[in-house]
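One structure is given here, and the rest of the page talks about it.
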Amino acid sequence: MTHSQAPLNPYAPTQTIPDDSFDPMSAFAFPQAMARVATGLRLVYWSIALIVLSVVGGRFVLPLMMRGSSMGTMNWISFAMGLVMMLGIVLGLIGRVFCLAIPQASRARGLINAAVAFDLAAILIWTISWVVAVPFWSQSLGNLLSLTATALFVLFLKRLSAHLQRPDLEGNAKSLMVMVAVLFVVGIAAAVAGYFVGIIAGLFGVVLLVIMVLLLLRYIRLLSNLRKAILGRLGTL
């Protein structure tokens, strides 16, 4: 004896079928950690803005205001520019500390740990050089440590791009690394040329400035795009 099947109900709710094409990266395994990384990238972004503001103000705006301004006013403006610079440096360090929350699976934690360590060492050397009398090379050592921290942070951004499965951003990070290497070579060439021919050194200086501007623009764009990629995966963009 056969049993008759129940008639199909056209008003029954549609059953969901598992979708094997679902991208697991769309929902992070550690959403809170990645949210902290996004916050860190934003802080680094604004730290760059503050540092650029301080440099532009000290190199261009301050000399223009020297005419017709009292010495006291100039000292206050110079102090304000220095304060903005310090705020930018500290904000950048805080941003990188936030990035320490990156999951271990990204294989980027070692790079960000090293970047923070070099950043702390640079700030420590700068602070000592401002407070007490130290050899002239200490400031250069602090700058070198800071540049090393930045290079390590760019490598961290490359690993982060790979973790986000964004080959386009990973390619941007690679090109940024190439520009850093070119900047380093041109900087050495400019320093060497300065000992021989002043005109050649000036040309190298112009090339160096152009590369630095392009590097800065690509750097802040990469930070912004990575932050947007993280927030997009978190659904908070």
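Every chain in the structure tokens takes a letter, A first, then B, and so on in the order presented; its residues are numbered from 1, and the ligands are numbered from 1 following the presented order.
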
Using only C-alpha atoms, which residues sit within 12 Å of Thr127 of chain A once same-chain residues fewer than 3 positions away are excluded, as a PyMOL selection string? chain A and resi 86+89-90+120-124+130-134+138-139+142

So which residues touch segment 225-235 of chain A within 12 Å, counting only C-alpha atoms, skipping near sequence neighbours fewer than 2 positions away, as a PyMOL selection string? chain A and resi 23-45+99+102+154+156-170+172-173+218-223+237

Report as an MDAnalysis selection string all protein, DNA and RNA residues lying within 7 Å of segment 76-85 of chain A, evaluated on only C-alpha atoms, omitting residues in the same chain fewer than 4 positions from it. chainID A and resid 50:51 54 57:58 72 89

Let's have the selection written as a PDB file, in the first residue's frame, with C-alpha atoms.
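Contents of the output file again.pdb:
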```
ATOM      1  CA  LEU A  50      49.552  66.607  11.905  1.00  0.00           C
ATOM      2  CA  ILE A  51      53.204  65.990  11.053  1.00  0.00           C
ATOM      3  CA  SER A  54      53.870  71.008  11.434  1.00  0.00           C
ATOM      4  CA  GLY A  57      54.038  75.500   9.050  1.00  0.00           C
ATOM      5  CA  GLY A  58      57.648  75.471  10.204  1.00  0.00           C
ATOM      6  CA  GLY A  72      57.466  86.617  21.395  1.00  0.00           C
ATOM      7  CA  ILE A  89      54.385  61.440  16.522  1.00  0.00           C
TER       8      ILE A  89
END
```

Mind checking which residues fall within 10 Å of Val97 of chain A, counting only C-alpha atoms, ignoring those fewer than 2 positions away in the same chain, and posting them as number ranges by chain? A: 36-37, 40, 91-95, 99-101, 112-113, 115-117

Å distance separating atom CA of Leu53 of chain A from atom CA of Lys174 of chain A, one decimal place: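 About the pair atom CA of Leu53 of chain A and atom CA of Lys174 of chain A: they are 26.9 Å apart.
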
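Closest approach to Leu141 of chain A among A:Ala105, A:Phe153, A:Arg59, A:Trp126 is made by A:Trp126 (distances from only C-alpha atoms).
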
At what distance in Å, to one decimal, does atom CA of Ile48 of chain A lie from atom CA of Leu217 of chain A? 10.4 Å
